[in-house]
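S.K.: Structure: protein.txt, compact mmCIF, C-alpha atoms and all ligand atoms.
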```txt
# COMPACT_ATOMS: atom_id res chain seq x y z
CA MET A 1 149.47 71.49 123.05
CA THR A 2 148.00 68.26 121.75
CA ALA A 3 148.36 65.59 124.36
CA ARG A 4 150.10 62.32 123.63
CA ARG A 5 147.76 59.32 123.99
CA LEU A 6 149.08 57.01 126.67
CA THR A 7 147.43 53.80 125.53
CA GLY A 8 147.19 50.78 127.79
CA ALA A 9 147.87 48.17 125.10
CA PRO A 10 151.70 48.08 125.22
CA VAL A 11 151.61 48.09 129.01
CA ALA A 12 149.08 45.24 129.12
CA GLN A 13 151.11 43.31 126.56
CA ARG A 14 154.23 43.45 128.74
CA LEU A 15 152.25 42.35 131.82
CA ARG A 16 150.67 39.49 129.86
CA ALA A 17 154.12 38.31 128.78
CA GLU A 18 155.22 38.31 132.41
CA ALA A 19 152.11 36.31 133.38
CA GLU A 20 152.83 33.79 130.60
CA ASP A 21 156.39 33.32 131.88
CA ASN A 22 154.99 32.62 135.33
CA VAL A 23 152.47 30.15 133.90
CA THR A 24 155.31 28.30 132.17
CA THR A 25 157.26 28.07 135.43
CA LEU A 26 154.15 26.87 137.26
CA ARG A 27 153.41 24.27 134.59
CA GLU A 28 156.89 22.81 135.08
CA ARG A 29 155.90 22.32 138.71
CA GLY A 30 152.60 20.74 137.71
CA VAL A 31 150.52 23.72 138.86
CA VAL A 32 147.71 25.38 136.89
CA PRO A 33 147.01 28.80 138.42
CA GLY A 34 143.35 29.27 139.35
CA LEU A 35 141.33 32.47 139.69
CA ALA A 36 137.86 32.48 141.29
CA VAL A 37 135.47 35.32 140.52
CA VAL A 38 132.52 35.49 142.90
CA VAL A 39 129.47 37.23 141.47
CA ALA A 40 126.16 38.08 143.17
CA THR A 41 124.52 40.49 140.76
CA ASP A 42 122.80 40.61 137.40
CA ASN A 43 124.31 44.01 136.62
CA GLU A 44 125.19 43.99 132.90
CA ALA A 45 128.40 46.00 133.21
CA THR A 46 129.67 43.67 135.93
CA LEU A 47 128.85 40.57 133.92
CA TRP A 48 130.66 42.07 130.93
CA TYR A 49 133.70 42.71 133.12
CA VAL A 50 133.60 39.16 134.51
CA ARG A 51 133.55 37.73 130.98
CA SER A 52 136.52 39.87 130.01
CA ILE A 53 138.49 38.67 133.07
CA ALA A 54 137.64 35.04 132.20
CA ARG A 55 138.78 35.56 128.59
CA ALA A 56 142.05 37.18 129.66
CA ALA A 57 142.70 34.41 132.18
CA ASP A 58 142.02 31.64 129.68
CA LYS A 59 144.34 33.20 127.13
CA ALA A 60 147.15 33.32 129.68
CA GLY A 61 146.66 29.71 130.81
CA VAL A 62 145.03 30.68 134.09
CA HIS A 63 141.95 28.63 134.96
CA CYS A 64 139.05 30.97 135.77
CA ARG A 65 136.16 29.69 137.90
CA VAL A 66 133.16 32.02 137.94
CA VAL A 67 131.06 31.36 141.04
CA ASP A 68 127.70 32.95 140.31
CA LEU A 69 125.60 33.06 143.47
CA GLY A 70 122.81 35.06 141.82
CA ALA A 71 121.41 38.48 142.67
CA GLY A 72 119.52 37.05 145.63
CA ALA A 73 122.58 35.77 147.52
CA GLY A 74 122.85 36.59 151.22
CA ALA A 75 125.89 37.81 153.15
CA ASP A 76 126.37 34.45 154.92
CA GLN A 77 126.36 32.54 151.67
CA ILE A 78 128.90 34.90 150.11
CA ALA A 79 131.11 34.78 153.21
CA SER A 80 131.14 30.99 153.32
CA THR A 81 131.91 30.83 149.59
CA LEU A 82 134.92 33.11 150.10
CA THR A 83 136.08 31.02 153.08
CA LEU A 84 135.82 27.78 151.07
CA LEU A 85 137.72 29.28 148.13
CA SER A 86 140.38 30.62 150.51
CA ALA A 87 141.04 27.01 151.59
CA ASP A 88 140.82 25.53 148.06
CA GLU A 89 144.27 24.43 146.84
CA ASP A 90 143.30 24.79 143.18
CA ILE A 91 142.46 28.46 143.63
CA HIS A 92 145.26 31.02 143.97
CA GLY A 93 143.35 34.26 143.41
CA ILE A 94 139.88 35.39 144.53
CA ILE A 95 137.86 38.40 143.43
CA LEU A 96 134.50 39.44 144.85
CA GLN A 97 132.66 41.49 142.26
CA THR A 98 130.62 44.54 143.22
CA PRO A 99 127.80 45.55 143.25
CA LEU A 100 126.40 43.11 145.80
CA PRO A 101 122.71 42.53 146.54
CA PRO A 102 120.99 45.35 148.48
CA GLY A 103 121.76 45.24 152.18
CA VAL A 104 124.93 43.18 151.74
CA ALA A 105 128.00 45.19 152.79
CA VAL A 106 131.20 44.53 150.89
CA ASP A 107 133.59 45.70 153.65
CA GLU A 108 133.03 42.78 155.99
CA LEU A 109 132.85 40.16 153.26
CA VAL A 110 136.22 40.91 151.69
CA ALA A 111 137.87 40.10 155.01
CA HIS A 112 136.99 36.45 154.22
CA ILE A 113 139.34 36.48 151.23
CA SER A 114 142.67 35.10 152.46
CA ALA A 115 145.37 37.78 152.12
CA ALA A 116 147.58 35.44 150.07
CA LYS A 117 144.80 35.09 147.45
CA ASP A 118 143.61 38.69 147.56
CA VAL A 119 144.71 39.49 143.99
CA ASP A 120 142.56 42.65 143.80
CA GLY A 121 143.72 44.00 147.16
CA ALA A 122 140.18 44.11 148.55
CA ASN A 123 140.82 42.77 152.06
CA PRO A 124 141.49 45.68 154.46
CA LEU A 125 144.57 43.74 155.58
CA SER A 126 146.02 44.16 152.08
CA LEU A 127 145.55 47.94 152.15
CA GLY A 128 147.05 48.05 155.65
CA ARG A 129 150.07 46.02 154.59
CA LEU A 130 150.50 48.22 151.51
CA THR A 131 150.39 51.29 153.76
CA VAL A 132 153.24 50.14 156.00
CA GLY A 133 155.30 48.76 153.10
CA GLN A 134 154.72 45.03 153.62
CA ARG A 135 154.16 42.63 150.72
CA ALA A 136 150.55 42.75 149.53
CA PHE A 137 148.63 42.86 146.28
CA ALA A 138 147.48 46.37 145.43
CA PRO A 139 144.07 46.69 143.78
CA ALA A 140 144.70 46.05 140.09
CA THR A 141 143.33 49.44 139.04
CA ALA A 142 145.55 51.43 141.39
CA ARG A 143 148.58 49.48 140.21
CA ALA A 144 147.49 49.93 136.58
CA VAL A 145 147.82 53.70 136.96
CA VAL A 146 151.38 53.36 138.23
CA GLU A 147 152.29 50.78 135.56
CA ILE A 148 151.15 53.20 132.84
CA LEU A 149 153.12 56.11 134.33
CA GLU A 150 156.25 53.96 134.63
CA HIS A 151 155.89 52.48 131.16
CA TYR A 152 155.75 55.95 129.61
CA GLU A 153 158.62 57.09 131.83
CA VAL A 154 156.66 59.80 133.62
CA PRO A 155 158.83 60.65 136.63
CA LEU A 156 157.13 60.52 140.03
CA ALA A 157 159.86 61.16 142.60
CA GLY A 158 159.60 64.69 143.90
CA ARG A 159 156.60 65.51 141.73
CA HIS A 160 153.15 66.58 142.76
CA VAL A 161 150.35 64.13 141.90
CA SER A 162 146.72 65.03 142.47
CA VAL A 163 144.35 62.06 142.74
CA VAL A 164 140.63 62.80 142.47
CA GLY A 165 138.68 60.10 144.32
CA ARG A 166 139.39 58.41 147.67
CA SER A 167 137.83 54.97 147.34
CA ALA A 168 139.47 51.86 148.78
CA VAL A 169 139.69 50.46 145.24
CA VAL A 170 141.53 53.34 143.58
CA GLY A 171 142.30 56.57 145.48
CA LYS A 172 143.57 55.21 148.81
CA PRO A 173 145.80 52.41 147.52
CA LEU A 174 147.07 54.67 144.73
CA LEU A 175 148.12 57.19 147.38
CA GLN A 176 150.30 54.48 148.93
CA LEU A 177 151.82 53.37 145.62
CA LEU A 178 152.66 56.98 144.77
CA LEU A 179 154.16 57.70 148.20
CA GLN A 180 156.33 54.58 147.78
CA ARG A 181 157.67 56.25 144.65
CA ASP A 182 158.41 59.51 146.47
CA ALA A 183 155.68 61.61 144.90
CA THR A 184 153.95 64.35 146.88
CA VAL A 185 150.27 63.45 146.74
CA THR A 186 147.03 65.36 147.13
CA VAL A 187 143.89 63.22 147.40
CA CYS A 188 140.68 65.05 146.48
CA HIS A 189 137.05 64.04 147.00
CA SER A 190 133.53 65.37 146.75
CA ARG A 191 134.17 68.03 149.41
CA SER A 192 137.34 69.39 147.79
CA ARG A 193 136.17 72.76 146.48
CA PRO A 194 137.01 74.22 144.15
CA LEU A 195 138.51 71.11 142.63
CA GLU A 196 140.83 73.04 140.27
CA ARG A 197 142.59 74.51 143.31
CA TYR A 198 143.99 71.03 143.97
CA THR A 199 144.39 69.74 140.44
CA SER A 200 145.88 72.75 138.66
CA GLU A 201 149.08 72.71 140.71
CA ALA A 202 149.87 69.07 139.97
CA GLU A 203 152.24 67.69 137.36
CA VAL A 204 150.21 64.47 137.24
CA VAL A 205 146.43 64.32 137.68
CA VAL A 206 144.47 61.08 138.16
CA ALA A 207 140.67 61.10 137.87
CA ALA A 208 138.85 58.20 139.59
CA VAL A 209 135.38 59.48 140.34
CA GLY A 210 132.74 58.03 138.04
CA ARG A 211 131.42 61.27 136.54
CA PRO A 212 131.72 61.97 132.82
CA GLY A 213 133.39 65.29 132.06
CA LEU A 214 134.29 66.10 135.67
CA LEU A 215 137.79 67.16 134.69
CA THR A 216 138.32 69.63 131.83
CA GLY A 217 141.22 71.61 130.43
CA ASP A 218 140.43 74.28 133.05
CA HIS A 219 141.39 71.91 135.85
CA VAL A 220 144.93 71.10 134.77
CA GLN A 221 148.14 73.00 134.20
CA GLU A 222 149.96 73.29 130.87
CA GLY A 223 151.94 70.11 130.24
CA ALA A 224 150.26 67.99 132.92
CA VAL A 225 150.01 64.22 132.52
CA VAL A 226 146.39 63.11 132.99
CA ILE A 227 145.30 59.56 133.82
CA ASP A 228 141.59 58.80 133.39
CA VAL A 229 140.41 55.87 135.50
CA GLY A 230 136.68 56.55 135.06
CA THR A 231 134.57 54.03 133.18
CA ASN A 232 131.11 55.48 132.70
CA VAL A 233 128.57 53.84 130.43
CA LEU A 234 126.33 56.46 128.82
CA ASP A 235 122.66 55.88 127.93
CA ASN A 236 123.68 55.33 124.30
CA GLY A 237 126.05 52.56 125.41
CA ASP A 238 129.26 54.55 124.89
CA LEU A 239 132.06 54.11 127.44
CA VAL A 240 133.58 57.42 128.58
CA GLY A 241 135.99 58.44 131.32
CA ASP A 242 135.88 61.24 133.90
CA VAL A 243 138.01 63.53 131.76
CA GLU A 244 136.69 65.66 128.91
CA PRO A 245 139.22 64.62 126.27
CA ALA A 246 138.99 67.54 123.83
CA SER A 247 139.58 70.44 126.23
CA THR A 248 142.07 68.51 128.36
CA ALA A 249 144.19 67.40 125.40
CA GLU A 250 144.73 71.06 124.48
CA VAL A 251 146.43 71.76 127.79
CA ALA A 252 147.88 68.45 128.94
CA SER A 253 151.05 66.89 127.53
CA ALA A 254 149.67 63.35 127.82
CA LEU A 255 146.32 61.68 128.47
CA THR A 256 145.08 58.08 128.76
CA PRO A 257 142.12 57.27 126.50
CA VAL A 258 138.85 55.60 127.60
CA PRO A 259 138.40 52.95 126.36
CA GLY A 260 141.90 51.71 125.67
CA GLY A 261 143.67 53.07 128.76
CA VAL A 262 143.65 52.04 132.42
CA GLY A 263 140.91 49.38 131.97
CA THR A 264 142.96 47.25 129.60
CA VAL A 265 145.86 47.20 132.06
CA THR A 266 143.61 46.37 135.05
CA THR A 267 142.52 43.04 133.62
CA ALA A 268 146.07 42.06 132.68
CA LEU A 269 147.19 42.78 136.24
CA LEU A 270 144.51 40.59 137.80
CA VAL A 271 145.81 37.69 135.75
CA LEU A 272 149.44 38.53 136.57
CA HIS A 273 148.64 38.78 140.30
CA THR A 274 147.01 35.34 140.16
CA THR A 275 150.16 33.80 138.69
CA GLN A 276 152.26 35.58 141.33
CA ALA A 277 149.98 34.27 144.09
CA ALA A 278 150.38 30.74 142.71
CA LEU A 279 154.18 31.10 142.66
CA GLN A 280 154.18 32.42 146.22
CA ALA A 281 151.91 29.58 147.39
CA GLY A 282 154.41 27.09 145.96
CA GLU A 283 157.35 28.82 147.65
CA GLU A 284 155.61 28.86 151.01
CA LEU A 285 154.78 25.18 150.67
CA ALA A 286 158.41 24.41 149.85
CA SER A 287 159.71 26.27 152.91
CA ALA A 288 157.04 24.74 155.18
CA GLN A 289 157.87 21.20 154.09
CA PRO A 290 161.65 20.99 153.73
CA SER A 291 162.56 17.92 151.75
CA GLY A 292 166.30 18.33 151.19
CA SER A 293 168.99 17.62 153.80
CA GLY A 294 170.19 21.23 153.97
CA ALA A 295 166.78 22.63 154.74
CA SER A 296 166.82 21.76 158.42
CA ALA A 297 170.16 23.42 159.11
N1 LIG B 301 139.33 51.09 134.73
C1 LIG B 301 139.23 50.35 135.80
O1 LIG B 301 139.84 49.33 135.88
C2 LIG B 301 138.35 50.78 136.92
C3 LIG B 301 137.57 51.86 136.78
N2 LIG B 301 136.82 52.30 137.82
C4 LIG B 301 136.03 53.50 137.57
O2 LIG B 301 136.59 54.59 138.32
C5 LIG B 301 135.57 55.42 138.79
C6 LIG B 301 135.66 55.50 140.30
O3 LIG B 301 135.43 54.26 140.86
P1 LIG B 301 135.40 54.01 142.43
O4 LIG B 301 136.65 54.53 143.02
O5 LIG B 301 135.02 52.61 142.62
O6 LIG B 301 134.16 54.99 142.82
P2 LIG B 301 133.52 55.42 144.21
O7 LIG B 301 132.16 55.86 143.90
O8 LIG B 301 133.78 54.40 145.25
O9 LIG B 301 134.38 56.72 144.62
C7 LIG B 301 134.28 57.90 143.90
C8 LIG B 301 135.15 58.97 144.55
O10 LIG B 301 134.97 60.17 143.81
C9 LIG B 301 134.70 61.24 144.70
N3 LIG B 301 133.85 62.25 144.08
C10 LIG B 301 132.54 62.17 143.77
N4 LIG B 301 132.12 63.32 143.21
C11 LIG B 301 133.16 64.14 143.19
C12 LIG B 301 133.35 65.47 142.75
N5 LIG B 301 132.36 66.18 142.23
N6 LIG B 301 134.57 66.02 142.88
C13 LIG B 301 135.59 65.32 143.41
N7 LIG B 301 135.48 64.04 143.83
C14 LIG B 301 134.28 63.48 143.73
C15 LIG B 301 134.02 60.60 145.88
O11 LIG B 301 134.14 61.44 147.00
P3 LIG B 301 133.55 61.07 148.47
O12 LIG B 301 134.51 60.08 149.04
O13 LIG B 301 133.58 62.36 149.19
O14 LIG B 301 132.21 60.51 148.23
C16 LIG B 301 134.76 59.28 146.00
O15 LIG B 301 135.93 59.41 146.77
C17 LIG B 301 134.28 54.82 138.24
O16 LIG B 301 133.99 55.41 137.00
C18 LIG B 301 134.62 53.37 138.05
O17 LIG B 301 133.82 52.73 137.08
C19 LIG B 301 136.88 51.73 139.06
C20 LIG B 301 137.65 50.64 139.26
C21 LIG B 301 138.39 50.03 138.17
N1 LIG B 302 136.70 46.13 143.26
C1 LIG B 302 136.61 46.55 141.99
N2 LIG B 302 137.66 46.37 141.18
C2 LIG B 302 137.58 46.77 139.88
O1 LIG B 302 138.57 46.59 139.13
C3 LIG B 302 136.36 47.39 139.40
C4 LIG B 302 135.31 47.55 140.30
N3 LIG B 302 135.46 47.15 141.57
N4 LIG B 302 134.14 48.11 139.91
C5 LIG B 302 133.88 48.38 138.49
C6 LIG B 302 135.11 48.78 137.78
C7 LIG B 302 135.12 48.80 136.29
N5 LIG B 302 136.30 48.08 135.90
C8 LIG B 302 136.77 47.92 134.60
C9 LIG B 302 137.88 47.16 134.31
C10 LIG B 302 138.33 46.97 133.02
C11 LIG B 302 137.68 47.59 131.98
C12 LIG B 302 138.19 47.39 130.60
O2 LIG B 302 138.84 46.42 130.28
N6 LIG B 302 137.90 48.31 129.66
C13 LIG B 302 138.40 48.27 128.34
C14 LIG B 302 137.37 47.89 127.30
C15 LIG B 302 136.07 48.63 127.40
C16 LIG B 302 135.10 48.41 126.24
O3 LIG B 302 135.54 48.27 125.11
O4 LIG B 302 133.88 48.40 126.51
C17 LIG B 302 138.98 49.63 128.02
O5 LIG B 302 138.83 50.55 128.85
O6 LIG B 302 139.60 49.76 127.00
C18 LIG B 302 136.58 48.36 132.24
C19 LIG B 302 136.14 48.53 133.55
C20 LIG B 302 136.84 47.50 136.99
N7 LIG B 302 136.20 47.83 138.09
```
Translate this structure into C-alpha cells?
M.R.:
Amino acid sequence: MTARRLTGAPVAQRLRAEAEDNVTTLRERGVVPGLAVVVATDNEATLWYVRSIARAADKAGVHCRVVDLGAGAGADQIASTLTLLSADEDIHGIILQTPLPPGVAVDELVAHISAAKDVDGANPLSLGRLTVGQRAFAPATARAVVEILEHYEVPLAGRHVSVVGRSAVVGKPLLQLLLQRDATVTVCHSRSRPLERYTSEAEVVVAAVGRPGLLTGDHVQEGAVVIDVGTNVLDNGDLVGDVEPASTAEVASALTPVPGGVGTVTTALLVLHTTQAALQAGEELASAQPSGSGASA
C-alpha cells in the first residue's frame, strides 16, 4: 500500500477563510482582533515559530503584538505581563511561548492567562473545561489533528485511536477531543512497552513525541491512518516528524507529511481562535450591558 498524503494546506485554507469571515464581522463592529505572543527565550526554533504566527495573523487582519521579555526574564515579570494582557481590551488572544528561562516553570504562569483569551488552551482551567465538555479553546495542535481527520473524512466514532505522547499540549487534550467524537482511545508514553503492542491494534495512530523515526511501518496495522505531530529539527536543518515516512507509507493507508501537515494547520487555528475570542468578548459585553428595551425583560 502507498499511503495517501494528508496535507495540511486545504485544511488550513478553510480555517483561514473562516477567520477572515470573523474579521469582517468584527470590523463591522469596529473591532480589530489582537493576539499577544509572549516570548522569553532566544531559541531559534521558537523565534521562527513566533514570526510565522505573526505573519499568519497579519495576513488574516489580526493584529499581532510580540512581547519579547528576553531570555533573562523572571517568573514574576512574565506573570505580571500575562495579567496585564489579560486585562487589555485590545488583546483577545494570548500565547506564552516555551521554552522559558531555566528555573521558570510554565505550569503556574499559564494560569495567569485569562481563560477567555487562552487561544492555545494552555491554562489548566481550559483543559479541565475541555474534559467535562464545557466551552474552552483546545490547544491548537490537538485541534489541528482532529481538523485534519475530519477534513479527510476519517471516521472516529467507534474506532480505536492510539495517541503516542501524553503532554498537556497534545496528548491529553487530544484524548478529550477524540472521546468527544466517540473514539476509543489509547494514550501511550515513554513507559508503554513495547509500543507496537498499543499502536498496531489502532485504526488511527497519532505520534506526538519529539523523536525522529520513533514510529515505523512495524508499529502500525495495514490500512491505518497515521498523523505525525512531531517537528524535529535535525543537525542539517531539516525538519522531520516522529514517523519514518518510507516504511510507514508502505503499510498505512494515509499519512500526514512533515513539513506540510499538522504544523500548517496549527498556526491557522491560533489565528482562528483569536477571532473567535474577539467575537465572544463582544457578545459577553453586549449581554452585560443591555442597551435595548427588551434586554431587561
Ligand atoms: N506541529 C505542531 O504544531 C506541534 C508540534 N509539536 C511537536 O510534537 C512533539 C511532541 O511535543 P510535546 O507534546 O510538546 O512533547 P513533550 O516532550 O512534552 O512530550 C513528549 C511525550 O512523548 C512521550 N515519549 C517520549 N519518548 C517516548 C517513547 N520512546 N515512546 C513513547 N512515548 C514517548 C513522553 O512520555 P512521558 O510522559 O512518559 O515522558 C511524553 O508524553 C515535538 O516534536 C514537538 O515539536 C508540539 C506542539 C505543536
Ligand atoms: N505550547 C505550545 N504550543 C505549540 O503549538 C508548540 C509548542 N508549545 N512548542 C513547539 C511546537 C512546534 N510548533 C510548530 C507549529 C507550527 C509549525 C509549522 O508551521 N510548520 C510548517 C512549516 C515548517 C518549515 O517549513 O520549516 C510545516 O510543518 O509545514 C511547526 C512547529 C508548535 N509548537
S.K.: I'd like the neighbourhood of Leu178 of chain A as a list in words, where a residue qualifies if any of its atoms comes within 10 Å (using all atoms listed in the file), though same-chain residues fewer than 2 positions away should be ignored.
M.R.: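 Counting only the stated atoms, we get Ala142, Arg143, Val145, Val146, Leu156, Ala157, Arg159, His160, Val161, Val163, Pro173, Leu174, Leu175, Gln176, Gln180, Arg181, Asp182, Ala183, Thr184 and Val185 of chain A.
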S.K.: Could you work out how far atom CA of Ser200 of chain A lies from atom P1 of ligand LIG 301 (chain B), giving the answer in Å with one decimal?
M.R.: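 About the pair atom P1 of ligand LIG 301 (chain B) and atom CA of Ser200 of chain A: they are 21.8 Å apart.
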S.K.: Give the residue list for ligand LIG 301 (chain B) at 8 Å, counting all atoms listed in the file, as a ChimeraX atom specification, sorted by chain and then by residue number.
M.R.: /A:140-142,144,164-171,188-193,195,207-211,214,229-232,241-242,261-267
S.K.: What does the structure give for the distance between atom CA of Thr46 of chain A and atom C11 of ligand LIG 302 (chain B), in Å to one decimal?
M.R.: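 Going from atom CA of Thr46 of chain A over to atom C11 of ligand LIG 302 (chain B), I get 9.8 Å.
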S.K.: For each of A:Leu177, A:Leu84, A:Ala111, A:Leu270, take the minimum atom-to-atom distance to ligand LIG 302 (chain B), counting all atoms listed in the file, then give the residue where this is smallest.
M.R.: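 Counting all atoms listed in the file, the residue closest to ligand LIG 302 (chain B) is A:Leu270.
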S.K.: What is the distance, in Å and to one decimal place, between atom CA of Tyr49 of chain A and atom CA of Ile95 of chain A?
M.R.: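 Distance reported for this atom pair: 11.9 Å.
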S.K.: Check the smallest atom-to-atom distance from each of A:Arg129, A:His151, A:Arg51, A:His112 to ligand LIG 302 (chain B) using all atoms listed in the file, then report the winner.
M.R.: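 Distance minimum relative to ligand LIG 302 (chain B) lands on A:Arg51.
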S.K.: Between A:Ala136, A:Ala75, A:Ala268, A:Glu203, single out the one closest to ligand LIG 302 (chain B), counting all atoms listed in the file.
M.R.: A:Ala268
S.K.: Would you compute an axis-aligned box for segment 223-236 of chain A, covering every atom listed for it in the file with 4 Å of margin on each side, and report centre and edge lengths in Å to one decimal as JSON?
M.R.:
```
{"center_x": 137.3, "center_y": 62.0, "center_z": 129.9, "size_x": 37.3, "size_y": 24.3, "size_z": 19.2}
```
S.K.: Which residues, written as an mmCIF file with C-alpha atoms, in the coordinates of the input, have at least one atom at most 10 Å from Val38 of chain A, with all atoms listed in the file counted and residues fewer than 4 positions away on the same chain left out?
M.R.:
```
data_model
loop_
_atom_site.group_PDB
_atom_site.id
_atom_site.type_symbol
_atom_site.label_atom_id
_atom_site.label_comp_id
_atom_site.auth_asym_id
_atom_site.auth_seq_id
_atom_site.Cartn_x
_atom_site.Cartn_y
_atom_site.Cartn_z
ATOM 1 C CA VAL A 50 133.600 39.160 134.510
ATOM 2 C CA ARG A 65 136.160 29.690 137.900
ATOM 3 C CA VAL A 66 133.160 32.020 137.940
ATOM 4 C CA VAL A 67 131.060 31.360 141.040
ATOM 5 C CA ASP A 68 127.700 32.950 140.310
ATOM 6 C CA LEU A 69 125.600 33.060 143.470
ATOM 7 C CA GLY A 70 122.810 35.060 141.820
ATOM 8 C CA ILE A 78 128.900 34.900 150.110
ATOM 9 C CA THR A 81 131.910 30.830 149.590
ATOM 10 C CA LEU A 82 134.920 33.110 150.100
ATOM 11 C CA LEU A 85 137.720 29.280 148.130
ATOM 12 C CA ILE A 94 139.880 35.390 144.530
ATOM 13 C CA ILE A 95 137.860 38.400 143.430
ATOM 14 C CA LEU A 96 134.500 39.440 144.850
ATOM 15 C CA GLN A 97 132.660 41.490 142.260
ATOM 16 C CA THR A 98 130.620 44.540 143.220
#
```
S.K.: Would you list the residues near (148.4, 41.4, 147.0) (no more than 7 Å away, in the coordinates of the file, using all atoms listed in the file) as an MDAnalysis selection string?
M.R.: chainID A and resid 115:116 118:121 126 135:138
S.K.: Looking at only C-alpha atoms, which of A:Gly61, A:Arg14, A:Lys172, A:Gly93 is the one that sits closest to Leu130 of chain A?
M.R.: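 Of all the options, A:Lys172 lies closest to Leu130 of chain A.
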S.K.: Pick out the residues sitting within 6 Å of Val204 of chain A, and hand them over as a list in words; count only C-alpha atoms, and ignore anything fewer than 2 positions along from it in its own chain.
M.R.: Val161, Ala202, Ala224, Val225 and Val226 of chain A
S.K.: Find the residues around segment 21-33 of chain A up to 8 Å (all atoms listed in the file counted), leave out those fewer than 5 positions away in its own chain, and share them as a VMD selection string.
M.R.: chain A and resid 60 to 63 90 to 92 274 to 276 278 to 279
S.K.: Pick from A:Thr2, A:Asn123, A:Ser114, A:Thr199: nearest to ligand LIG 302 (chain B), with only C-alpha atoms and all ligand atoms counted?
M.R.: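 Going through A:Thr2, A:Asn123, A:Ser114, A:Thr199 one by one, the smallest distance to ligand LIG 302 (chain B) is for A:Asn123.
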S.K.: Find the residue from A:Pro139, A:Ile113, A:Ala54, A:Asn43 that sits nearest to Leu100 of chain A; use only C-alpha atoms when measuring.
M.R.: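 When distances to Leu100 of chain A are compared using only C-alpha atoms, the smallest one comes from A:Asn43.
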S.K.: Can you put N, CA and C atoms back into segment 72-89 of chain A and show it as a PDB file, in the frame of the given file?
M.R.:
```
ATOM      1  N   GLY A  72     120.227  37.188 144.365  1.00  0.00           N
ATOM      2  CA  GLY A  72     119.520  37.050 145.630  1.00  0.00           C
ATOM      3  C   GLY A  72     120.390  36.495 146.755  1.00  0.00           C
ATOM      4  N   ALA A  73     121.696  36.383 146.515  1.00  0.00           N
ATOM      5  CA  ALA A  73     122.580  35.770 147.520  1.00  0.00           C
ATOM      6  C   ALA A  73     122.622  36.597 148.805  1.00  0.00           C
ATOM      7  N   GLY A  74     122.747  35.902 149.926  1.00  0.00           N
ATOM      8  CA  GLY A  74     122.850  36.590 151.220  1.00  0.00           C
ATOM      9  C   GLY A  74     124.298  36.696 151.658  1.00  0.00           C
ATOM     10  N   ALA A  75     124.530  37.555 152.664  1.00  0.00           N
ATOM     11  CA  ALA A  75     125.890  37.810 153.150  1.00  0.00           C
ATOM     12  C   ALA A  75     126.556  36.520 153.649  1.00  0.00           C
ATOM     13  N   ASP A  76     125.789  35.683 154.363  1.00  0.00           N
ATOM     14  CA  ASP A  76     126.370  34.450 154.920  1.00  0.00           C
ATOM     15  C   ASP A  76     126.848  33.521 153.819  1.00  0.00           C
ATOM     16  N   GLN A  77     126.027  33.424 152.780  1.00  0.00           N
ATOM     17  CA  GLN A  77     126.360  32.540 151.670  1.00  0.00           C
ATOM     18  C   GLN A  77     127.631  33.029 150.954  1.00  0.00           C
ATOM     19  N   ILE A  78     127.716  34.339 150.777  1.00  0.00           N
ATOM     20  CA  ILE A  78     128.900  34.900 150.110  1.00  0.00           C
ATOM     21  C   ILE A  78     130.132  34.685 150.989  1.00  0.00           C
ATOM     22  N   ALA A  79     129.974  34.943 152.281  1.00  0.00           N
ATOM     23  CA  ALA A  79     131.110  34.780 153.210  1.00  0.00           C
ATOM     24  C   ALA A  79     131.605  33.334 153.211  1.00  0.00           C
ATOM     25  N   SER A  80     130.677  32.374 153.246  1.00  0.00           N
ATOM     26  CA  SER A  80     131.140  30.990 153.320  1.00  0.00           C
ATOM     27  C   SER A  80     131.765  30.559 151.994  1.00  0.00           C
ATOM     28  N   THR A  81     131.280  31.105 150.891  1.00  0.00           N
ATOM     29  CA  THR A  81     131.910  30.830 149.590  1.00  0.00           C
ATOM     30  C   THR A  81     133.355  31.328 149.586  1.00  0.00           C
ATOM     31  N   LEU A  82     133.568  32.534 150.084  1.00  0.00           N
ATOM     32  CA  LEU A  82     134.920  33.110 150.100  1.00  0.00           C
ATOM     33  C   LEU A  82     135.833  32.305 151.027  1.00  0.00           C
ATOM     34  N   THR A  83     135.284  31.820 152.143  1.00  0.00           N
ATOM     35  CA  THR A  83     136.080  31.020 153.080  1.00  0.00           C
ATOM     36  C   THR A  83     136.477  29.691 152.439  1.00  0.00           C
ATOM     37  N   LEU A  84     135.524  29.059 151.748  1.00  0.00           N
ATOM     38  CA  LEU A  84     135.820  27.780 151.070  1.00  0.00           C
ATOM     39  C   LEU A  84     136.892  27.975 150.000  1.00  0.00           C
ATOM     40  N   LEU A  85     136.746  29.031 149.199  1.00  0.00           N
ATOM     41  CA  LEU A  85     137.720  29.280 148.130  1.00  0.00           C
ATOM     42  C   LEU A  85     139.092  29.601 148.717  1.00  0.00           C
ATOM     43  N   SER A  86     139.106  30.271 149.867  1.00  0.00           N
ATOM     44  CA  SER A  86     140.380  30.620 150.510  1.00  0.00           C
ATOM     45  C   SER A  86     141.140  29.362 150.917  1.00  0.00           C
ATOM     46  N   ALA A  87     140.405  28.263 151.168  1.00  0.00           N
ATOM     47  CA  ALA A  87     141.040  27.010 151.590  1.00  0.00           C
ATOM     48  C   ALA A  87     141.240  26.047 150.413  1.00  0.00           C
ATOM     49  N   ASP A  88     140.777  26.416 149.227  1.00  0.00           N
ATOM     50  CA  ASP A  88     140.820  25.530 148.060  1.00  0.00           C
ATOM     51  C   ASP A  88     142.196  25.586 147.389  1.00  0.00           C
ATOM     52  N   GLU A  89     142.887  24.448 147.360  1.00  0.00           N
ATOM     53  CA  GLU A  89     144.270  24.430 146.840  1.00  0.00           C
ATOM     54  C   GLU A  89     144.370  24.720 145.350  1.00  0.00           C
TER      55      GLU A  89
END
```
